[in-house]
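Listing of target-v4.cif, mmCIF, C-alpha atoms and all ligand atoms
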data_input
#
loop_
_atom_site.label_atom_id
_atom_site.label_comp_id
_atom_site.auth_asym_id
_atom_site.auth_seq_id
_atom_site.Cartn_x
_atom_site.Cartn_y
_atom_site.Cartn_z
CA MET A 1 0.00 0.00 0.00
CA LYS A 2 2.84 2.40 0.81
CA GLU A 3 3.96 2.19 -2.80
CA GLU A 4 0.47 3.19 -4.04
CA ILE A 5 0.49 6.15 -1.66
CA ARG A 6 3.98 7.13 -2.84
CA VAL A 7 2.87 7.05 -6.50
CA GLN A 8 -0.03 9.41 -5.77
CA LEU A 9 2.11 11.79 -3.74
CA GLN A 10 4.69 11.80 -6.53
CA LYS A 11 1.99 12.64 -9.10
CA HIS A 12 0.85 15.51 -6.88
CA VAL A 13 4.42 16.83 -6.73
CA GLU A 14 4.74 16.57 -10.53
CA VAL A 15 1.54 18.57 -11.05
CA MET A 16 2.77 21.27 -8.65
CA ALA A 17 6.04 21.47 -10.61
CA ALA A 18 4.13 21.75 -13.88
CA ILE A 19 2.02 24.57 -12.45
CA GLU A 20 5.23 26.36 -11.51
CA ARG A 21 6.63 25.88 -15.03
CA GLU A 22 3.50 26.82 -16.97
CA LEU A 23 1.08 28.96 -15.00
CA LEU A 24 2.96 31.74 -13.20
CA PRO A 25 2.14 34.50 -15.74
CA LYS A 26 -1.55 33.59 -15.73
CA MET A 27 -1.64 33.41 -11.93
CA GLU A 28 -0.10 36.89 -11.88
CA GLU A 29 -2.77 38.12 -14.29
CA ALA A 30 -5.56 36.64 -12.15
CA VAL A 31 -4.17 38.29 -8.99
CA GLU A 32 -3.90 41.66 -10.76
CA LEU A 33 -7.43 41.35 -12.08
CA LEU A 34 -8.81 40.53 -8.60
CA CYS A 35 -6.86 43.34 -6.93
CA ALA A 36 -8.07 45.87 -9.50
CA ALA A 37 -11.69 44.76 -9.07
CA PHE A 38 -11.60 44.87 -5.24
CA ARG A 39 -9.87 48.29 -5.30
CA ASP A 40 -12.69 49.48 -7.54
CA GLY A 41 -15.41 48.23 -5.13
CA LYS A 42 -16.35 45.24 -7.30
CA LYS A 43 -16.97 41.71 -6.06
CA LEU A 44 -16.01 38.11 -6.78
CA LEU A 45 -18.58 35.49 -7.81
CA VAL A 46 -17.29 31.93 -7.97
CA MET A 47 -18.78 28.53 -8.77
CA GLY A 48 -18.12 24.89 -9.64
CA ASN A 49 -19.60 21.41 -9.25
CA GLY A 50 -18.74 18.70 -6.70
CA GLY A 51 -15.20 19.15 -5.37
CA SER A 52 -15.04 22.43 -7.28
CA ALA A 53 -18.16 23.64 -5.44
CA ALA A 54 -16.19 23.07 -2.25
CA ASP A 55 -13.26 25.00 -3.73
CA ALA A 56 -15.60 27.84 -4.71
CA GLN A 57 -16.99 28.26 -1.20
CA HIS A 58 -13.51 27.91 0.28
CA PHE A 59 -12.26 30.71 -2.01
CA ALA A 60 -15.20 33.03 -1.19
CA ALA A 61 -14.81 32.39 2.54
CA GLU A 62 -11.09 33.30 2.44
CA MET A 63 -12.05 36.65 0.91
CA VAL A 64 -15.00 37.47 3.18
CA GLY A 65 -13.13 36.32 6.27
CA ARG A 66 -9.39 36.57 6.13
CA PHE A 67 -6.55 34.56 4.68
CA LEU A 68 -3.59 35.43 6.91
CA LEU A 69 -3.85 39.17 7.53
CA GLU A 70 -6.34 40.98 9.73
CA ARG A 71 -8.10 43.34 7.32
CA LYS A 72 -11.50 44.47 6.13
CA ALA A 73 -13.87 41.97 4.52
CA LEU A 74 -13.71 41.55 0.76
CA PRO A 75 -16.96 40.93 -1.17
CA ALA A 76 -17.12 37.39 -2.55
CA VAL A 77 -20.01 34.99 -3.05
CA ALA A 78 -19.97 31.29 -3.95
CA LEU A 79 -22.91 30.48 -6.21
CA SER A 80 -22.82 26.78 -5.31
CA THR A 81 -23.91 27.05 -1.66
CA ASP A 82 -27.55 28.14 -1.58
CA THR A 83 -29.59 24.91 -1.67
CA SER A 84 -32.88 26.75 -2.14
CA ALA A 85 -31.55 28.65 -5.14
CA LEU A 86 -29.84 25.56 -6.58
CA THR A 87 -32.93 23.35 -6.25
CA ALA A 88 -35.40 26.00 -7.44
CA LEU A 89 -33.30 27.04 -10.41
CA GLY A 90 -32.41 23.43 -11.26
CA ASN A 91 -36.04 22.39 -11.04
CA ASP A 92 -37.53 25.35 -12.87
CA TYR A 93 -34.86 26.23 -15.45
CA GLY A 94 -32.64 23.11 -15.62
CA PHE A 95 -29.30 22.33 -14.00
CA ASP A 96 -27.39 24.05 -16.80
CA ARG A 97 -28.86 27.40 -15.67
CA VAL A 98 -28.25 27.14 -11.90
CA PHE A 99 -25.23 29.45 -11.94
CA ALA A 100 -26.09 31.65 -14.93
CA ARG A 101 -29.35 32.75 -13.36
CA GLN A 102 -27.53 33.69 -10.15
CA VAL A 103 -25.01 35.64 -12.22
CA GLU A 104 -27.96 37.53 -13.77
CA ALA A 105 -29.18 38.29 -10.25
CA HIS A 106 -25.92 39.44 -8.69
CA ALA A 107 -23.39 40.45 -11.34
CA GLN A 108 -22.48 44.04 -12.05
CA ALA A 109 -20.07 45.25 -14.71
CA GLY A 110 -16.49 44.92 -13.50
CA ASP A 111 -17.15 42.07 -11.08
CA VAL A 112 -14.86 39.06 -11.39
CA VAL A 113 -16.68 35.82 -12.15
CA PHE A 114 -14.57 32.75 -11.54
CA GLY A 115 -15.58 29.31 -12.89
CA ILE A 116 -13.92 26.12 -11.65
CA SER A 117 -14.11 22.90 -13.67
CA THR A 118 -11.59 20.06 -13.92
CA SER A 119 -12.88 18.93 -17.34
CA GLY A 120 -13.63 22.42 -18.61
CA ASN A 121 -16.90 21.04 -19.90
CA SER A 122 -19.54 21.64 -17.21
CA PRO A 123 -22.40 23.41 -19.03
CA ASN A 124 -23.61 25.25 -15.92
CA VAL A 125 -20.17 26.80 -15.37
CA GLN A 126 -19.83 27.63 -19.06
CA GLN A 127 -23.26 29.31 -19.21
CA ALA A 128 -22.47 31.33 -16.07
CA LEU A 129 -19.28 32.66 -17.67
CA GLU A 130 -21.09 33.46 -20.92
CA THR A 131 -23.74 35.38 -18.99
CA ALA A 132 -21.05 37.13 -16.93
CA ALA A 133 -19.31 38.31 -20.10
CA ARG A 134 -22.62 39.74 -21.38
CA TYR A 135 -22.97 41.65 -18.11
CA GLY A 136 -19.52 43.22 -18.53
CA CYS A 137 -17.79 41.10 -15.88
CA ARG A 138 -14.21 39.89 -16.01
CA THR A 139 -14.23 36.11 -16.45
CA VAL A 140 -11.60 33.69 -15.19
CA ALA A 141 -11.62 29.88 -15.37
CA LEU A 142 -9.65 27.35 -13.33
CA LEU A 143 -9.59 24.27 -15.55
CA GLY A 144 -7.76 20.98 -16.21
CA LYS A 145 -7.26 18.36 -18.94
CA ASP A 146 -7.44 20.18 -22.32
CA GLY A 147 -9.44 23.10 -20.90
CA GLY A 148 -12.60 21.80 -22.59
CA SER A 149 -15.12 24.20 -24.09
CA ILE A 150 -14.87 26.66 -21.16
CA LYS A 151 -11.37 27.74 -22.21
CA GLU A 152 -12.95 29.28 -25.34
CA VAL A 153 -15.36 31.30 -23.21
CA ALA A 154 -13.31 32.66 -20.28
CA GLU A 155 -11.21 35.78 -20.73
CA LEU A 156 -8.40 34.17 -18.70
CA SER A 157 -8.02 30.38 -18.37
CA LEU A 158 -5.63 28.67 -15.96
CA ILE A 159 -5.42 25.05 -17.12
CA VAL A 160 -3.74 22.76 -14.59
CA PRO A 161 -1.51 20.49 -16.70
CA SER A 162 -2.92 17.09 -15.71
CA CYS A 163 -5.59 14.64 -16.88
CA ASP A 164 -6.24 13.30 -13.39
CA THR A 165 -9.29 14.92 -11.71
CA PRO A 166 -8.09 14.71 -8.07
CA ARG A 167 -4.64 16.03 -8.98
CA ILE A 168 -6.28 18.86 -10.95
CA GLN A 169 -8.41 19.74 -7.92
CA GLU A 170 -5.29 19.77 -5.74
CA GLY A 171 -3.75 22.16 -8.26
CA HIS A 172 -6.86 24.35 -8.15
CA ILE A 173 -6.93 24.72 -4.38
CA THR A 174 -3.19 25.45 -4.33
CA ILE A 175 -3.65 28.17 -6.94
CA ILE A 176 -6.61 29.57 -4.98
CA HIS A 177 -4.58 29.75 -1.76
CA ILE A 178 -1.68 31.44 -3.52
CA MET A 179 -4.04 33.97 -5.14
CA CYS A 180 -5.69 34.69 -1.77
CA ASP A 181 -2.30 35.31 -0.17
CA LEU A 182 -1.07 37.59 -2.95
CA VAL A 183 -4.32 39.55 -3.23
CA GLU A 184 -4.45 40.10 0.52
CA ARG A 185 -0.81 41.23 0.78
CA ARG A 186 -1.13 43.53 -2.23
CA LEU A 187 -4.28 45.17 -0.92
CA PHE A 188 -3.51 45.25 2.81
CA GLY A 189 0.18 44.36 3.38
CA LYS A 190 2.49 46.92 4.96
O1 LIG B 1 -14.48 15.87 -6.44
C1 LIG B 1 -14.79 15.17 -7.38
C2 LIG B 1 -13.78 14.27 -8.00
O2 LIG B 1 -12.53 14.37 -7.33
C3 LIG B 1 -16.18 15.17 -7.97
O3 LIG B 1 -17.13 15.55 -6.99
C4 LIG B 1 -16.24 16.15 -9.16
O4 LIG B 1 -15.99 17.45 -8.69
C5 LIG B 1 -17.63 16.07 -9.84
O5 LIG B 1 -17.72 14.84 -10.51
C6 LIG B 1 -17.89 17.23 -10.82
O6 LIG B 1 -19.21 17.15 -11.30
C7 LIG B 1 -16.92 17.29 -11.98
O7 LIG B 1 -17.18 18.48 -12.73
P1 LIG B 1 -16.04 19.24 -13.55
O8 LIG B 1 -14.86 19.40 -12.64
O9 LIG B 1 -15.72 18.40 -14.74
O10 LIG B 1 -16.66 20.56 -13.93
ZN ZN B 2 -12.52 15.49 -5.37
#

Would you encode the structure as structure tokens?
Amino acid sequence: MKEEIRVQLQKHVEVMAAIERELLPKMEEAVELLCAAFRDGKKLLVMGNGGSAADAQHFAAEMVGRFLLERKALPAVALSTDTSALTALGNDYGFDRVFARQVEAHAQAGDVVFGISTSGNSPNVQQALETAARYGCRTVALLGKDGGSIKEVAELSLIVPSCDTPRIQEGHITIIHIMCDLVERRLFGK
């Protein structure tokens, strides 16, 4: 069993190294985009399915609460947490609309709308980003595999270089934590 564990840990390390090789400029761009939006009084909307729904609420909570620095709250909402909205919108409009309809409700021009999908092919995330673009929002996608159809839709796509869903998710949460740290220090650091 130890060997199986070692193999998985090694794959995790390889994905982290690939992120370092390939994604630094895009991570920088995402941090700059978030900082500019927060400085301008705009908010973050973020969503995903399954493990990515958990990442979305984790990301929003880091912004509303704090990451490492004591500072004022930053406006961020995960669109994957409200069971009444998710069930009503899924039931009445279809699951593909559950995030797009919430974007229609909450998005204002200049907000950052962040979609998270390991395959890049979740229709509800894609439709939310399409709607966000129509509302004049900045759109960012955290993706994996070949980036799927969402990479064609988002203004900025960060594609974790792996085909393995759990490893992609580990890449996503690492990128989210690094972005939270950099945004917080740029906006509130001494
Ligand atoms: O966490 C996992 C797998 O590690 C699952 O819950 C996974 O997130 C779900 O199957 C999602 O529906 C996958 O959607 P996506 O990442 O392809 O957009
Ligand atoms: Zn998972």

- Take atom CA of Glu32 of chain A and atom CA of Val113 of chain A and report the distance between them in Å, one decimal.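 These atoms are spaced 14.1 Å apart.
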
- Message: Around ligand ZN 2 (chain B), out to 12 Å and counting all atoms listed in the file, which residues are there? I want them as a VMD selection string.
- Response: chain A and resid 48 to 55 117 to 118 164 to 173

First collect every listed atom of ligand LIG 1 (chain B); then fit an axis-aligned box around them, widen it by 6 Å on each side, and give centre and edge lengths in Å to one decimal, as AutoDock Vina command-line options.
--center_x -15.9 --center_y 17.4 --center_z -10.6 --size_x 18.7 --size_y 18.3 --size_z 20.3

- From the set A:Gln126, A:Thr139, A:Asn121, A:Ser80, which residue has the shortest atom-to-atom contact distance to ligand LIG 1 (chain B), counting all atoms listed in the file?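 For ligand LIG 1 (chain B), the nearest of the candidates is A:Asn121.
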
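All residues of protein, DNA or RNA that reach within 12 Å of Arg101 of chain A, judged by only C-alpha atoms and not counting those fewer than 6 positions away in the chain, are Leu79, Ser80, Ala85, Leu86, Ala88, Leu89, Gly90, Asp92, Tyr93, Gly94, Phe95, Ala107, Asn124, Val125, Gln127, Ala128, Leu129, Glu130, Thr131, Ala132 and Tyr135 of chain A.
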
Write a file of the just-selected residues containing C-alpha atoms, as a PDB file, keeping the file's coordinate frame.
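Final output, saved to result_31.pdb:
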ATOM      1  CA  LEU A  79     -22.910  30.480  -6.210  1.00  0.00           C
ATOM      2  CA  SER A  80     -22.820  26.780  -5.310  1.00  0.00           C
ATOM      3  CA  ALA A  85     -31.550  28.650  -5.140  1.00  0.00           C
ATOM      4  CA  LEU A  86     -29.840  25.560  -6.580  1.00  0.00           C
ATOM      5  CA  ALA A  88     -35.400  26.000  -7.440  1.00  0.00           C
ATOM      6  CA  LEU A  89     -33.300  27.040 -10.410  1.00  0.00           C
ATOM      7  CA  GLY A  90     -32.410  23.430 -11.260  1.00  0.00           C
ATOM      8  CA  ASP A  92     -37.530  25.350 -12.870  1.00  0.00           C
ATOM      9  CA  TYR A  93     -34.860  26.230 -15.450  1.00  0.00           C
ATOM     10  CA  GLY A  94     -32.640  23.110 -15.620  1.00  0.00           C
ATOM     11  CA  PHE A  95     -29.300  22.330 -14.000  1.00  0.00           C
ATOM     12  CA  ALA A 107     -23.390  40.450 -11.340  1.00  0.00           C
ATOM     13  CA  ASN A 124     -23.610  25.250 -15.920  1.00  0.00           C
ATOM     14  CA  VAL A 125     -20.170  26.800 -15.370  1.00  0.00           C
ATOM     15  CA  GLN A 127     -23.260  29.310 -19.210  1.00  0.00           C
ATOM     16  CA  ALA A 128     -22.470  31.330 -16.070  1.00  0.00           C
ATOM     17  CA  LEU A 129     -19.280  32.660 -17.670  1.00  0.00           C
ATOM     18  CA  GLU A 130     -21.090  33.460 -20.920  1.00  0.00           C
ATOM     19  CA  THR A 131     -23.740  35.380 -18.990  1.00  0.00           C
ATOM     20  CA  ALA A 132     -21.050  37.130 -16.930  1.00  0.00           C
ATOM     21  CA  TYR A 135     -22.970  41.650 -18.110  1.00  0.00           C
TER      22      TYR A 135
END

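Note that atom CA of Ser122 of chain A and atom C1 of ligand LIG 1 (chain B) are 12.7 Å apart.
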
- atom CA of Lys26 of chain A to atom O3 of ligand LIG 1 (chain B), straight-line distance in Å: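 Straight-line distance from atom O3 of ligand LIG 1 (chain B) to atom CA of Lys26 of chain A works out to 25.4 Å.
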
- Message: Which residues are near Leu33 of chain A? Cut-off 9 Å, all atoms listed in the file, ignore same chain within fewer than 5 positions. Put them as a ChimeraX atom specification.
- Response: /A:28,38,112,138

- Item | A:Met179, A:Gly136, A:Lys72, A:Ala56 ranked by distance to ligand LIG 1 (chain B), top pick (using only C-alpha atoms and all ligand atoms) | A:Ala56

- Task: Please write as a list in words the list of polymer residues whose atoms come within 6 Å of (-11.8, 32.0, -19.6), counting only C-alpha atoms and keeping to the coordinates of the file.
- Result: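 Collected hits near the coordinates: Thr139, Val140, Ala141, Lys151, Val153, Ala154, Glu155, Leu156 and Ser157 of chain A.
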
- Message: Set the distance at 9 Å and use all atoms listed in the file: which residues neighbour segment 8-15 of chain A once local chain neighbours fewer than 2 positions away are removed? I'd like the list as a list in words.
- Response: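 Using all atoms listed in the file, the neighbours found are Glu3, Glu4, Ile5, Arg6, Ala17, Ala18, Ile19, Glu20, Val160, Pro161, Ser162, Arg167, Ile168, Glu170 and Gly171 of chain A.
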
- Task: Go through A:Leu187, A:Leu34, A:Met1, A:Leu45 and flag the residue nearest Thr81 of chain A, using all atoms listed in the file for the distances.
- Result: A:Leu45

- Nearest-residue call for Arg185 of chain A, choices A:His106, A:His58, A:Arg71, A:Lys2, using all atoms listed in the file: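 Of the candidates, the smallest distance to Arg185 of chain A is held by A:Arg71.
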
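Taking all atoms listed in the file into account, ligand LIG 1 (chain B) lies nearest to A:Ile159 out of the set A:Ala133, A:Ile159, A:Leu44, A:Cys35.
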
- Message: With distances taken over all atoms listed in the file, which residue among A:Glu104, A:Asp111, A:Asp96, A:Glu22 lies nearest ligand LIG 1 (chain B)?
- Response: A:Asp96

- May I have the residues within 12 Å of Leu74 of chain A as a VMD selection string, using all atoms listed in the file and disregarding those fewer than 2 positions away in the same chain? chain A and resid 34 to 35 37 to 45 59 to 67 70 to 72 76 to 77 180 183 to 184 187 to 188

For segment 11-46 of chain A, supply N, CA and C atoms and report the output as a PDB file, keeping the file's coordinate frame.
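Wrote it out as out14.pdb, contents follow:
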ATOM      1  N   LYS A  11       2.774  11.995  -8.035  1.00  0.00           N
ATOM      2  CA  LYS A  11       1.990  12.640  -9.100  1.00  0.00           C
ATOM      3  C   LYS A  11       1.574  14.051  -8.669  1.00  0.00           C
ATOM      4  N   HIS A  12       1.217  14.180  -7.405  1.00  0.00           N
ATOM      5  CA  HIS A  12       0.850  15.510  -6.880  1.00  0.00           C
ATOM      6  C   HIS A  12       2.040  16.466  -7.033  1.00  0.00           C
ATOM      7  N   VAL A  13       3.227  15.984  -6.648  1.00  0.00           N
ATOM      8  CA  VAL A  13       4.420  16.830  -6.730  1.00  0.00           C
ATOM      9  C   VAL A  13       4.691  17.232  -8.190  1.00  0.00           C
ATOM     10  N   GLU A  14       4.496  16.264  -9.104  1.00  0.00           N
ATOM     11  CA  GLU A  14       4.740  16.570 -10.530  1.00  0.00           C
ATOM     12  C   GLU A  14       3.775  17.636 -11.040  1.00  0.00           C
ATOM     13  N   VAL A  15       2.510  17.561 -10.596  1.00  0.00           N
ATOM     14  CA  VAL A  15       1.540  18.570 -11.050  1.00  0.00           C
ATOM     15  C   VAL A  15       1.906  19.945 -10.482  1.00  0.00           C
ATOM     16  N   MET A  16       2.356  19.988  -9.233  1.00  0.00           N
ATOM     17  CA  MET A  16       2.770  21.270  -8.650  1.00  0.00           C
ATOM     18  C   MET A  16       3.939  21.866  -9.438  1.00  0.00           C
ATOM     19  N   ALA A  17       4.879  21.000  -9.830  1.00  0.00           N
ATOM     20  CA  ALA A  17       6.040  21.470 -10.610  1.00  0.00           C
ATOM     21  C   ALA A  17       5.591  21.991 -11.971  1.00  0.00           C
ATOM     22  N   ALA A  18       4.618  21.308 -12.567  1.00  0.00           N
ATOM     23  CA  ALA A  18       4.130  21.750 -13.880  1.00  0.00           C
ATOM     24  C   ALA A  18       3.398  23.079 -13.769  1.00  0.00           C
ATOM     25  N   ILE A  19       2.677  23.269 -12.671  1.00  0.00           N
ATOM     26  CA  ILE A  19       2.020  24.570 -12.450  1.00  0.00           C
ATOM     27  C   ILE A  19       3.088  25.660 -12.369  1.00  0.00           C
ATOM     28  N   GLU A  20       4.151  25.369 -11.643  1.00  0.00           N
ATOM     29  CA  GLU A  20       5.230  26.360 -11.510  1.00  0.00           C
ATOM     30  C   GLU A  20       5.847  26.682 -12.879  1.00  0.00           C
ATOM     31  N   ARG A  21       6.032  25.661 -13.699  1.00  0.00           N
ATOM     32  CA  ARG A  21       6.630  25.880 -15.030  1.00  0.00           C
ATOM     33  C   ARG A  21       5.707  26.663 -15.952  1.00  0.00           C
ATOM     34  N   GLU A  22       4.397  26.357 -15.896  1.00  0.00           N
ATOM     35  CA  GLU A  22       3.500  26.820 -16.970  1.00  0.00           C
ATOM     36  C   GLU A  22       2.527  27.932 -16.599  1.00  0.00           C
ATOM     37  N   LEU A  23       2.239  28.102 -15.311  1.00  0.00           N
ATOM     38  CA  LEU A  23       1.080  28.960 -15.000  1.00  0.00           C
ATOM     39  C   LEU A  23       1.409  30.265 -14.261  1.00  0.00           C
ATOM     40  N   LEU A  24       2.669  30.544 -13.995  1.00  0.00           N
ATOM     41  CA  LEU A  24       2.960  31.740 -13.200  1.00  0.00           C
ATOM     42  C   LEU A  24       2.433  33.035 -13.840  1.00  0.00           C
ATOM     43  N   PRO A  25       2.637  33.241 -15.161  1.00  0.00           N
ATOM     44  CA  PRO A  25       2.140  34.500 -15.740  1.00  0.00           C
ATOM     45  C   PRO A  25       0.615  34.634 -15.626  1.00  0.00           C
ATOM     46  N   LYS A  26      -0.090  33.535 -15.816  1.00  0.00           N
ATOM     47  CA  LYS A  26      -1.550  33.590 -15.730  1.00  0.00           C
ATOM     48  C   LYS A  26      -2.018  33.775 -14.281  1.00  0.00           C
ATOM     49  N   MET A  27      -1.292  33.195 -13.345  1.00  0.00           N
ATOM     50  CA  MET A  27      -1.640  33.410 -11.930  1.00  0.00           C
ATOM     51  C   MET A  27      -1.435  34.885 -11.577  1.00  0.00           C
ATOM     52  N   GLU A  28      -0.362  35.456 -12.099  1.00  0.00           N
ATOM     53  CA  GLU A  28      -0.100  36.890 -11.880  1.00  0.00           C
ATOM     54  C   GLU A  28      -1.251  37.727 -12.433  1.00  0.00           C
ATOM     55  N   GLU A  29      -1.670  37.383 -13.654  1.00  0.00           N
ATOM     56  CA  GLU A  29      -2.770  38.120 -14.290  1.00  0.00           C
ATOM     57  C   GLU A  29      -4.052  38.032 -13.455  1.00  0.00           C
ATOM     58  N   ALA A  30      -4.335  36.827 -12.941  1.00  0.00           N
ATOM     59  CA  ALA A  30      -5.560  36.640 -12.150  1.00  0.00           C
ATOM     60  C   ALA A  30      -5.488  37.473 -10.864  1.00  0.00           C
ATOM     61  N   VAL A  31      -4.326  37.506 -10.230  1.00  0.00           N
ATOM     62  CA  VAL A  31      -4.170  38.290  -8.990  1.00  0.00           C
ATOM     63  C   VAL A  31      -4.369  39.778  -9.307  1.00  0.00           C
ATOM     64  N   GLU A  32      -3.780  40.239 -10.410  1.00  0.00           N
ATOM     65  CA  GLU A  32      -3.900  41.660 -10.760  1.00  0.00           C
ATOM     66  C   GLU A  32      -5.355  42.024 -11.048  1.00  0.00           C
ATOM     67  N   LEU A  33      -6.027  41.116 -11.752  1.00  0.00           N
ATOM     68  CA  LEU A  33      -7.430  41.350 -12.080  1.00  0.00           C
ATOM     69  C   LEU A  33      -8.306  41.428 -10.800  1.00  0.00           C
ATOM     70  N   LEU A  34      -8.044  40.520  -9.859  1.00  0.00           N
ATOM     71  CA  LEU A  34      -8.810  40.530  -8.600  1.00  0.00           C
ATOM     72  C   LEU A  34      -8.504  41.788  -7.785  1.00  0.00           C
ATOM     73  N   CYS A  35      -7.226  42.145  -7.694  1.00  0.00           N
ATOM     74  CA  CYS A  35      -6.860  43.340  -6.930  1.00  0.00           C
ATOM     75  C   CYS A  35      -7.524  44.579  -7.525  1.00  0.00           C
ATOM     76  N   ALA A  36      -7.484  44.693  -8.845  1.00  0.00           N
ATOM     77  CA  ALA A  36      -8.070  45.870  -9.500  1.00  0.00           C
ATOM     78  C   ALA A  36      -9.570  45.926  -9.222  1.00  0.00           C
ATOM     79  N   ALA A  37     -10.237  44.784  -9.296  1.00  0.00           N
ATOM     80  CA  ALA A  37     -11.690  44.760  -9.070  1.00  0.00           C
ATOM     81  C   ALA A  37     -12.011  45.139  -7.620  1.00  0.00           C
ATOM     82  N   PHE A  38     -11.314  44.556  -6.653  1.00  0.00           N
ATOM     83  CA  PHE A  38     -11.600  44.870  -5.240  1.00  0.00           C
ATOM     84  C   PHE A  38     -11.300  46.348  -4.944  1.00  0.00           C
ATOM     85  N   ARG A  39     -10.193  46.862  -5.529  1.00  0.00           N
ATOM     86  CA  ARG A  39      -9.870  48.290  -5.300  1.00  0.00           C
ATOM     87  C   ARG A  39     -10.980  49.179  -5.822  1.00  0.00           C
ATOM     88  N   ASP A  40     -11.652  48.696  -6.879  1.00  0.00           N
ATOM     89  CA  ASP A  40     -12.690  49.480  -7.540  1.00  0.00           C
ATOM     90  C   ASP A  40     -14.077  49.220  -6.917  1.00  0.00           C
ATOM     91  N   GLY A  41     -14.129  48.497  -5.802  1.00  0.00           N
ATOM     92  CA  GLY A  41     -15.410  48.230  -5.130  1.00  0.00           C
ATOM     93  C   GLY A  41     -16.229  47.125  -5.777  1.00  0.00           C
ATOM     94  N   LYS A  42     -15.620  46.348  -6.642  1.00  0.00           N
ATOM     95  CA  LYS A  42     -16.350  45.240  -7.300  1.00  0.00           C
ATOM     96  C   LYS A  42     -16.214  43.971  -6.464  1.00  0.00           C
ATOM     97  N   LYS A  43     -16.972  42.954  -6.858  1.00  0.00           N
ATOM     98  CA  LYS A  43     -16.970  41.710  -6.060  1.00  0.00           C
ATOM     99  C   LYS A  43     -16.527  40.499  -6.899  1.00  0.00           C
ATOM    100  N   LEU A  44     -16.356  39.405  -6.171  1.00  0.00           N
ATOM    101  CA  LEU A  44     -16.010  38.110  -6.780  1.00  0.00           C
ATOM    102  C   LEU A  44     -17.214  37.187  -6.676  1.00  0.00           C
ATOM    103  N   LEU A  45     -17.595  36.579  -7.805  1.00  0.00           N
ATOM    104  CA  LEU A  45     -18.580  35.490  -7.810  1.00  0.00           C
ATOM    105  C   LEU A  45     -17.843  34.253  -8.286  1.00  0.00           C
ATOM    106  N   VAL A  46     -18.082  33.110  -7.618  1.00  0.00           N
ATOM    107  CA  VAL A  46     -17.290  31.930  -7.970  1.00  0.00           C
ATOM    108  C   VAL A  46     -18.153  30.682  -7.864  1.00  0.00           C
TER     109      VAL A  46
END
